[in-house]
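What's in final_32.txt: compact mmCIF, C-alpha atoms
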```txt
# COMPACT_ATOMS: atom_id res chain seq x y z
CA MET M 1 0.00 0.00 0.00
CA THR M 2 2.66 2.48 0.93
CA MET M 3 5.74 3.04 -1.13
CA PHE M 4 8.98 3.10 0.70
CA ARG M 5 12.35 3.89 -0.71
CA ARG M 6 15.39 4.76 1.26
CA ALA M 7 19.08 4.93 0.57
CA MET M 8 20.33 4.96 4.09
CA ALA M 9 23.92 6.14 3.77
CA PRO M 10 23.21 9.30 1.78
CA ALA M 11 20.16 9.95 3.95
CA LEU M 12 22.36 9.97 7.03
CA LEU M 13 24.84 12.25 5.32
CA LEU M 14 22.01 14.62 4.45
CA LEU M 15 20.90 14.50 8.05
CA ALA M 16 24.38 15.42 9.18
CA LEU M 17 24.52 18.18 6.62
CA THR M 18 21.17 19.77 7.36
CA GLY M 19 21.94 19.50 11.06
CA CYS M 20 24.66 22.10 10.69
CA SER M 21 23.33 24.05 7.76
CA ASN M 22 23.78 27.47 9.30
CA GLY M 23 25.51 28.65 6.18
CA GLN M 24 28.98 27.96 7.49
CA THR M 25 29.87 25.03 5.33
CA THR M 26 33.27 23.73 6.18
CA GLY M 27 35.81 22.66 3.60
CA ASN M 28 36.21 19.29 5.23
CA ALA M 29 32.52 18.46 5.19
CA GLN M 30 32.27 19.39 1.53
CA THR M 31 35.22 17.29 0.55
CA SER M 32 33.87 14.19 2.25
CA LEU M 33 30.38 14.80 0.87
CA ALA M 34 31.50 15.61 -2.65
CA GLN M 35 30.53 12.16 -3.90
CA ALA M 36 27.50 11.77 -1.66
CA PHE M 37 24.79 12.82 -4.10
CA GLY M 38 24.27 12.55 -7.79
CA GLY M 39 24.93 9.82 -10.28
CA PRO M 40 23.62 8.30 -13.47
CA PHE M 41 19.93 8.49 -14.38
CA THR M 42 17.71 8.62 -17.45
CA MET M 43 14.22 10.14 -17.35
CA ILE M 44 11.89 12.16 -19.56
CA ASP M 45 11.04 15.84 -19.19
CA GLN M 46 7.76 17.74 -19.51
CA ASN M 47 8.20 17.82 -23.29
CA ARG M 48 8.86 14.05 -23.44
CA ARG M 49 12.53 14.56 -24.22
CA THR M 50 15.00 12.14 -22.71
CA VAL M 51 17.16 13.74 -20.03
CA SER M 52 20.09 12.00 -18.37
CA ASP M 53 22.87 12.99 -16.01
CA ARG M 54 25.00 13.38 -19.15
CA THR M 55 22.52 15.87 -20.63
CA LEU M 56 22.95 18.09 -17.61
CA VAL M 57 26.74 18.19 -17.68
CA GLY M 58 28.07 21.60 -18.67
CA ALA M 59 25.94 23.84 -16.50
CA PRO M 60 25.42 23.81 -12.72
CA PHE M 61 21.98 22.67 -11.63
CA VAL M 62 19.66 22.86 -8.64
CA ILE M 63 17.70 19.64 -8.22
CA PHE M 64 14.89 18.74 -5.85
CA PHE M 65 12.17 16.14 -5.50
CA GLY M 66 8.43 16.40 -5.14
CA PHE M 67 5.09 15.70 -6.78
CA THR M 68 2.79 17.89 -8.83
CA ARG M 69 -0.22 17.28 -6.56
CA CYS M 70 1.89 18.63 -3.68
CA PRO M 71 0.11 21.78 -2.52
CA GLU M 72 2.55 23.03 0.07
CA ILE M 73 6.29 22.55 0.09
CA CYS M 74 6.76 21.99 -3.65
CA PRO M 75 5.12 25.30 -4.67
CA THR M 76 6.83 26.95 -1.71
CA THR M 77 10.23 25.70 -2.90
CA MET M 78 9.53 26.79 -6.48
CA SER M 79 8.42 30.22 -5.24
CA ARG M 80 11.57 30.52 -3.15
CA LEU M 81 13.74 29.61 -6.13
CA ALA M 82 11.91 32.24 -8.20
CA GLN M 83 12.68 34.83 -5.52
CA LEU M 84 16.34 33.80 -5.27
CA ARG M 85 16.69 33.88 -9.05
CA ARG M 86 15.38 37.45 -9.12
CA LYS M 87 17.97 38.45 -6.53
CA LEU M 88 20.76 36.77 -8.48
CA GLY M 89 20.10 38.91 -11.54
CA THR M 90 21.99 37.72 -14.61
CA ASP M 91 23.60 34.89 -12.61
CA ALA M 92 20.16 33.27 -12.51
CA ASP M 93 20.61 32.13 -16.10
CA ARG M 94 23.88 30.39 -15.32
CA PHE M 95 22.27 27.31 -13.75
CA LYS M 96 19.33 25.01 -14.38
CA VAL M 97 16.47 24.07 -12.08
CA VAL M 98 15.40 20.43 -12.11
CA PHE M 99 12.23 19.14 -10.45
CA VAL M 100 12.01 15.34 -10.14
CA SER M 101 8.69 13.62 -9.52
CA ILE M 102 8.54 10.99 -6.79
CA ASP M 103 4.98 10.24 -7.91
CA PRO M 104 5.64 8.77 -11.37
CA GLU M 105 2.39 6.73 -11.34
CA HIS M 106 0.50 10.02 -11.39
CA ASP M 107 2.92 12.57 -12.81
CA LYS M 108 3.00 12.37 -16.57
CA PRO M 109 4.88 14.96 -18.69
CA GLU M 110 1.68 17.00 -19.07
CA ASP M 111 1.25 17.13 -15.28
CA LEU M 112 4.80 18.41 -14.92
CA LYS M 113 4.24 20.96 -17.65
CA SER M 114 1.07 22.20 -15.99
CA PHE M 115 2.72 22.40 -12.56
CA LEU M 116 5.88 24.14 -13.75
CA SER M 117 3.91 26.63 -15.84
CA MET M 118 2.68 28.19 -12.59
CA PHE M 119 6.08 29.54 -11.64
CA ASP M 120 8.38 32.19 -12.99
CA VAL M 121 11.24 29.69 -13.15
CA PRO M 122 12.41 27.95 -16.31
CA ALA M 123 12.71 24.40 -15.06
CA LEU M 124 13.10 20.86 -16.26
CA GLY M 125 10.46 18.54 -14.84
CA LEU M 126 11.50 14.90 -14.81
CA THR M 127 9.46 11.72 -14.50
CA GLY M 128 10.06 8.12 -15.46
CA ASN M 129 9.09 4.55 -14.88
CA ALA M 130 9.51 2.85 -11.50
CA ALA M 131 13.07 1.68 -12.21
CA GLN M 132 14.18 5.07 -13.53
CA THR M 133 12.68 6.81 -10.52
CA ALA M 134 14.30 4.33 -8.16
CA ALA M 135 17.69 5.04 -9.75
CA ILE M 136 17.61 8.82 -9.32
CA VAL M 137 16.08 8.54 -5.85
CA LYS M 138 18.99 6.32 -4.87
CA ASP M 139 21.51 8.73 -6.46
CA TYR M 140 20.29 11.52 -4.22
CA GLY M 141 19.47 9.53 -1.09
CA VAL M 142 15.86 10.68 -1.26
CA TYR M 143 13.26 9.33 1.12
CA TYR M 144 9.61 9.20 0.17
CA GLU M 145 6.52 7.48 1.45
CA ARG M 146 2.91 7.78 0.36
CA MET M 147 0.53 8.71 3.18
CA PRO M 148 -3.26 8.34 2.86
CA LEU M 149 -5.47 11.33 3.65
CA PRO M 150 -9.05 11.23 4.95
CA GLY M 151 -11.36 10.86 1.96
CA GLY M 152 -9.11 8.55 -0.06
CA ASP M 153 -6.59 11.04 -1.41
CA TYR M 154 -2.94 10.94 -0.48
CA THR M 155 0.11 13.01 0.21
CA ILE M 156 3.75 11.96 0.00
CA ASP M 157 6.22 12.52 2.78
CA HIS M 158 9.52 13.22 1.09
CA SER M 159 12.99 14.66 1.40
CA ALA M 160 12.73 18.43 1.19
CA GLY M 161 16.36 18.98 0.32
CA VAL M 162 17.38 21.18 -2.60
CA TYR M 163 20.68 19.89 -3.95
CA LEU M 164 23.18 22.19 -5.63
CA MET M 165 25.32 20.46 -8.23
CA ASP M 166 28.27 21.88 -10.14
CA ARG M 167 28.75 21.90 -13.91
CA ARG M 168 30.37 18.45 -13.77
CA GLY M 169 27.47 16.93 -11.85
CA GLY M 170 29.38 17.00 -8.57
CA PHE M 171 27.58 17.72 -5.34
CA VAL M 172 28.24 21.18 -3.85
CA THR M 173 25.80 21.65 -0.97
CA THR M 174 22.10 21.80 -0.13
CA LEU M 175 19.70 24.69 0.45
CA ASP M 176 17.90 24.67 3.76
CA ILE M 177 14.26 25.67 3.92
CA HIS M 178 14.80 27.87 6.95
CA GLU M 179 18.00 29.70 6.06
CA PRO M 180 18.02 33.42 5.21
CA ASP M 181 18.14 34.48 1.56
CA GLN M 182 21.68 35.83 1.92
CA VAL M 183 22.95 32.38 2.93
CA ALA M 184 21.08 30.69 0.08
CA LEU M 185 22.36 33.25 -2.42
CA GLY M 186 25.92 32.64 -1.24
CA LYS M 187 25.49 28.92 -1.81
CA LEU M 188 24.06 29.44 -5.30
CA ARG M 189 27.00 31.70 -6.22
CA GLN M 190 29.37 29.09 -4.81
CA MET M 191 27.72 26.47 -7.05
CA ILE M 192 27.96 28.72 -10.11
CA ALA M 193 31.65 29.38 -9.44
CA ALA M 194 32.51 25.74 -8.72
CA MET Z 1 8.79 43.09 8.89
CA LYS Z 2 8.66 44.90 5.61
CA ASP Z 3 5.03 44.07 5.07
CA SER Z 4 3.80 45.07 8.49
CA SER Z 5 2.06 48.12 7.10
CA ARG Z 6 0.29 45.90 4.62
CA ARG Z 7 -0.73 43.51 7.37
CA THR Z 8 -2.13 46.41 9.36
CA ALA Z 9 -4.04 47.65 6.37
CA LEU Z 10 -5.45 44.21 5.81
CA GLY Z 11 -6.28 43.98 9.47
CA THR Z 12 -8.60 46.93 9.23
CA ILE Z 13 -10.62 45.20 6.56
CA ALA Z 14 -10.43 41.83 8.21
CA LEU Z 15 -13.58 40.00 8.93
CA VAL Z 16 -14.75 40.25 12.47
CA ALA Z 17 -16.68 37.40 13.90
CA LEU Z 18 -19.44 38.03 16.31
CA ALA Z 19 -19.86 35.23 18.74
CA SER Z 20 -22.94 33.94 17.10
CA GLY Z 21 -25.56 31.36 17.70
CA SER Z 22 -27.72 30.45 20.58
CA PRO Z 23 -27.30 32.08 23.95
CA ILE Z 24 -25.81 29.05 25.64
CA ALA Z 25 -25.67 29.47 29.38
CA SER Z 26 -22.07 29.71 30.38
CA ALA Z 27 -20.27 30.69 33.52
CA ARG Z 28 -17.60 32.31 31.39
CA PRO Z 29 -18.16 35.61 29.68
CA VAL Z 30 -18.56 35.44 25.93
CA SER Z 31 -16.01 37.81 24.51
CA ALA Z 32 -17.47 39.10 21.32
CA PRO Z 33 -16.20 40.15 18.88
CA SER Z 34 -13.18 38.05 19.65
CA ILE Z 35 -11.97 36.38 16.48
CA THR Z 36 -10.40 38.35 13.63
CA LEU Z 37 -9.22 36.73 10.40
CA VAL Z 38 -6.27 38.49 8.80
CA ALA Z 39 -4.99 38.25 5.22
CA PRO Z 40 -6.57 34.97 4.09
CA TRP Z 41 -4.86 33.81 0.89
CA THR Z 42 -4.21 30.79 -1.25
CA ARG Z 43 -2.05 30.09 -4.27
CA ALA Z 44 -3.27 29.82 -7.82
CA THR Z 45 -3.23 26.18 -8.86
CA SER Z 46 -2.36 24.58 -12.16
CA ALA Z 47 -5.11 23.15 -14.33
CA ARG Z 48 -4.29 19.61 -13.23
CA ALA Z 49 -3.71 20.18 -9.52
CA PRO Z 50 -6.31 18.59 -7.24
CA MET Z 51 -5.11 20.28 -4.05
CA GLY Z 52 -4.48 23.79 -2.78
CA ALA Z 53 -3.28 25.25 0.51
CA GLY Z 54 -4.97 28.10 2.41
CA TYR Z 55 -3.28 30.49 4.81
CA LEU Z 56 -4.33 33.20 7.24
CA VAL Z 57 -3.70 34.61 10.69
CA ILE Z 58 -6.44 34.10 13.28
CA ARG Z 59 -6.40 36.65 16.09
CA ASN Z 60 -8.26 36.16 19.32
CA ALA Z 61 -8.91 39.38 21.24
CA GLY Z 62 -10.88 37.51 23.86
CA GLY Z 63 -9.72 36.33 27.24
CA VAL Z 64 -10.56 32.70 26.52
CA ALA Z 65 -8.79 30.42 24.07
CA ASP Z 66 -10.78 29.35 21.04
CA ARG Z 67 -10.23 26.52 18.61
CA LEU Z 68 -10.61 26.30 14.83
CA LEU Z 69 -12.42 23.00 14.40
CA SER Z 70 -13.16 22.67 10.70
CA ILE Z 71 -13.53 24.39 7.34
CA ALA Z 72 -16.29 24.06 4.79
CA THR Z 73 -16.03 25.26 1.20
CA PRO Z 74 -18.00 24.77 -2.01
CA VAL Z 75 -14.85 24.81 -4.15
CA ALA Z 76 -13.38 21.47 -3.07
CA ASP Z 77 -14.50 18.02 -2.03
CA SER Z 78 -13.13 18.76 1.43
CA ALA Z 79 -11.01 21.17 3.39
CA GLN Z 80 -8.76 19.81 6.09
CA LEU Z 81 -6.41 21.22 8.69
CA HIS Z 82 -2.89 19.97 8.12
CA SER Z 83 0.44 20.39 9.78
CA MET Z 84 3.60 20.49 7.73
CA SER Z 85 6.98 19.87 9.25
CA VAL Z 86 10.48 19.38 7.95
CA THR Z 87 12.49 17.25 10.35
CA ASN Z 88 15.94 15.95 9.44
CA GLY Z 89 15.30 17.05 5.88
CA ILE Z 90 12.05 15.09 5.52
CA MET Z 91 8.79 16.94 4.79
CA ARG Z 92 5.78 15.43 6.47
CA MET Z 93 2.17 16.52 6.17
CA ARG Z 94 -0.46 15.26 8.60
CA PRO Z 95 -4.09 16.05 9.40
CA ILE Z 96 -4.29 18.00 12.66
CA ALA Z 97 -6.44 16.13 15.15
CA GLY Z 98 -8.68 18.26 17.34
CA GLY Z 99 -8.27 21.53 15.47
CA VAL Z 100 -6.00 24.55 15.84
CA VAL Z 101 -5.91 26.41 19.16
CA VAL Z 102 -6.14 30.20 19.07
CA PRO Z 103 -4.80 31.32 22.43
CA ALA Z 104 -6.50 34.03 24.50
CA HIS Z 105 -5.15 37.47 23.54
CA GLY Z 106 -3.06 35.67 20.95
CA GLU Z 107 -3.08 34.33 17.43
CA ALA Z 108 -2.70 31.21 15.35
CA ARG Z 109 -0.74 31.53 12.13
CA LEU Z 110 -1.50 29.26 9.20
CA ALA Z 111 1.43 29.94 6.87
CA PRO Z 112 3.64 28.29 4.25
CA GLY Z 113 5.97 25.79 5.86
CA GLY Z 114 3.69 25.14 8.83
CA ASP Z 115 0.07 24.53 9.77
CA HIS Z 116 -2.29 25.27 6.90
CA ILE Z 117 -5.68 24.57 5.42
CA MET Z 118 -5.65 21.94 2.70
CA PHE Z 119 -8.31 22.10 0.01
CA VAL Z 120 -8.61 18.55 -1.31
CA GLY Z 121 -10.33 17.66 -4.56
CA LEU Z 122 -10.59 21.08 -6.21
CA LYS Z 123 -13.68 21.35 -8.37
CA ARG Z 124 -11.92 23.90 -10.59
CA PRO Z 125 -8.45 25.49 -10.51
CA PHE Z 126 -7.83 28.49 -8.26
CA VAL Z 127 -7.27 31.49 -10.54
CA ALA Z 128 -5.10 34.43 -9.45
CA GLY Z 129 -7.15 37.52 -8.72
CA THR Z 130 -10.27 35.61 -7.73
CA GLU Z 131 -11.41 34.56 -4.26
CA VAL Z 132 -12.15 31.24 -2.65
CA PRO Z 133 -15.11 31.30 -0.27
CA ALA Z 134 -15.10 29.17 2.86
CA THR Z 135 -16.59 28.98 6.31
CA LEU Z 136 -14.47 28.42 9.37
CA ARG Z 137 -16.07 26.80 12.39
CA PHE Z 138 -14.74 27.70 15.83
CA ALA Z 139 -15.52 26.01 19.14
CA ARG Z 140 -16.57 29.30 20.77
CA ALA Z 141 -16.98 31.90 18.05
CA GLY Z 142 -19.10 29.64 15.88
CA THR Z 143 -18.96 29.89 12.10
CA VAL Z 144 -17.12 32.71 10.36
CA ALA Z 145 -17.29 33.33 6.61
CA VAL Z 146 -14.01 34.06 4.89
CA ARG Z 147 -12.77 34.64 1.35
CA PHE Z 148 -9.24 33.53 0.49
CA LYS Z 149 -7.57 35.82 -2.01
CA VAL Z 150 -5.96 33.76 -4.78
CA GLU Z 151 -2.38 34.92 -5.26
CA ARG Z 152 -0.04 34.27 -8.13
CA PRO Z 153 2.46 31.52 -7.26
CA GLY Z 154 5.77 33.06 -6.33
CA VAL Z 155 4.18 35.31 -3.73
CA ASP Z 156 4.87 33.87 -0.31
CA HIS Z 157 4.07 36.76 2.00
CA GLY Z 158 7.42 36.35 3.72
CA GLY Z 159 6.21 33.08 5.14
CA MET Z 160 9.61 31.48 4.68
CA HIS Z 161 12.80 32.76 6.19
```

Could you quickly redo this structure as structure tokens?
Amino acid sequence: MTMFRRAMAPALLLLALTGCSNGQTTGNAQTSLAQAFGGPFTMIDQNRRTVSDRTLVGAPFVIFFGFTRCPEICPTTMSRLAQLRRKLGTDADRFKVVFVSIDPEHDKPEDLKSFLSMFDVPALGLTGNAAQTAAIVKDYGVYYERMPLPGGDYTIDHSAGVYLMDRRGGFVTTLDIHEPDQVALGKLRQMIAA
Amino acid sequence: MKDSSRRTALGTIALVALASGSPIASARPVSAPSITLVAPWTRATSARAPMGAGYLVIRNAGGVADRLLSIATPVADSAQLHSMSVTNGIMRMRPIAGGVVVPAHGEARLAPGGDHIMFVGLKRPFVAGTEVPATLRFARAGTVAVRFKVERPGVDHGGMH
């Protein structure tokens, strides 16, 4: 009934990372985490084009996971990214935004297109079959679990992390939902420069 | 906050609930008008989205705590009170059992990233610039009509820090 995916080691690393995400990332932590997230995947985007980790190489990217029926944190994260992009000015065009569905049974390319059209952020929306989703979820140590709601609908508990990846697909750091804009902007600039 | 002036302005046009209904005998004084609803808003939804989230600040000027018990709306199959939390990087959303307490001389904030109203099973998309009607039911103040202003996505009212 419930879906359950977990890649424990990266999840624990994320836990350690978010636990001290006051903006003062240390060189040591970054070095040891550099290989923690990311990896090979192949999915399709909102225009039914195939997108893989290789496609993304060449430009830094911000990647996070959610579902298009998500009424709260997913729109909130997209809105935040829109705000941060405005503050970055021309630097905003120097990285991509990637939204990955953890609800592939529901989220077809047209759902992603409809969802992403609501925000002032050019973004890639990715979905795939169960195996493709499992692969990228494992790459990023993402946790998700479907939770029933009264009335028969459902929501999905999921990792809220926003991962910043450099132009080679290497992990840089994560954005924290509670950190001030100035800290987040610093991290985005760090990703762009990496 | 930068939008405090806006909040104040909205406060002056906020709906004020009179403690309505039958004159139930009570040892405690009924403090009416006690409940004020400030800046109710929701996000525009995409054509294929079945859910939307509603936000507002509920102020209680009375000396007795009240409790938001439920929400009714014609625009969705149901409206539920949900909590949202991010713990150790995991987002969890859960129905709130027993309603949301509005402390005496205090307020309850339903805002992005925390407790909120969840509209489930939207009968049509929420369109920016329109309003979503609903009725909030309180344990003491009774029912209060409210209209959620539909905002363009990307507007978060400083709800996140």

>> Show me, as a ChimeraX atom specification, the residues that have an atom within 12 Å of segment 145-150 of chain M when counting only C-alpha atoms, minus same-chain residues fewer than 6 positions from it.
In response: /M:1-6,66-67,70,102-103,105,156-159 /Z:51,77-82,90-97,118-121

Kindly provide the residues of chain M that approach chain Z to within 7 Å, each paired with its closest atom pair and their distance in Å to one decimal, based on all atoms listed in the file, listed by chain and increasing number, as a Markdown table.
```
| residue | atom | partner | partner_atom | distance |
| --- | --- | --- | --- | --- |
| M:Leu15 | CA | Z:Asn88 | CA | 5.4 |
| M:Thr18 | CA | Z:Gly89 | CA | 6.6 |
| M:Thr68 | CA | Z:Ala49 | CA | 6.9 |
| M:Arg69 | CA | Z:Ala49 | CA | 5.4 |
| M:Pro71 | CA | Z:Gly52 | CA | 5.0 |
| M:Glu72 | CA | Z:Ala53 | CA | 6.3 |
| M:Ile73 | CA | Z:Gly113 | CA | 6.6 |
| M:Thr76 | CA | Z:Pro112 | CA | 6.9 |
| M:Ser79 | CA | Z:Gly154 | CA | 4.0 |
| M:Ala82 | CA | Z:Gly154 | CA | 6.5 |
| M:Asp111 | CA | Z:Arg48 | CA | 6.4 |
| M:Ser114 | CA | Z:Ser46 | CA | 5.7 |
| M:Phe115 | CA | Z:Ser46 | CA | 5.5 |
| M:Met118 | CA | Z:Ser46 | CA | 6.2 |
| M:Phe119 | CA | Z:Pro153 | CA | 6.0 |
| M:Asp157 | CA | Z:Arg92 | CA | 4.7 |
| M:His158 | CA | Z:Met91 | CA | 5.3 |
| M:Ser159 | CA | Z:Ile90 | CA | 4.2 |
| M:Ala160 | CA | Z:Ile90 | CA | 5.5 |
| M:Gly161 | CA | Z:Gly89 | CA | 6.0 |
| M:His178 | CA | Z:His161 | CA | 5.3 |
| M:Glu179 | CA | Z:His161 | CA | 6.0 |
| M:Pro180 | CA | Z:His161 | CA | 5.4 |
```

>> Could you tell me how far atom CA of Arg109 of chain Z sits from atom CA of Tyr143 of chain M, in Å to one decimal place?
In response: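 These two atoms are separated by 28.5 Å.
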
Exercise: Ala61 of chain Z partners within 8 Å, only C-alpha atoms, chain neighbours under 5 positions left out, as a PDB file with C-alpha atoms, keeping the file's coordinate frame:
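Contents of the output file selection_7.pdb:
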```
ATOM      1  CA  SER Z  31     -16.010  37.810  24.510  1.00  0.00           C
ATOM      2  CA  PRO Z  33     -16.200  40.150  18.880  1.00  0.00           C
ATOM      3  CA  SER Z  34     -13.180  38.050  19.650  1.00  0.00           C
ATOM      4  CA  ILE Z  35     -11.970  36.380  16.480  1.00  0.00           C
ATOM      5  CA  THR Z  36     -10.400  38.350  13.630  1.00  0.00           C
ATOM      6  CA  ALA Z 104      -6.500  34.030  24.500  1.00  0.00           C
ATOM      7  CA  HIS Z 105      -5.150  37.470  23.540  1.00  0.00           C
ATOM      8  CA  GLY Z 106      -3.060  35.670  20.950  1.00  0.00           C
TER       9      GLY Z 106
END
```

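With atom CA of Leu68 of chain Z on one side and atom CA of Glu107 of chain Z on the other, the separation reads 11.3 Å.
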
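When atom CA of Val162 of chain M is paired with atom CA of Val100 of chain M, their separation reads 10.9 Å.
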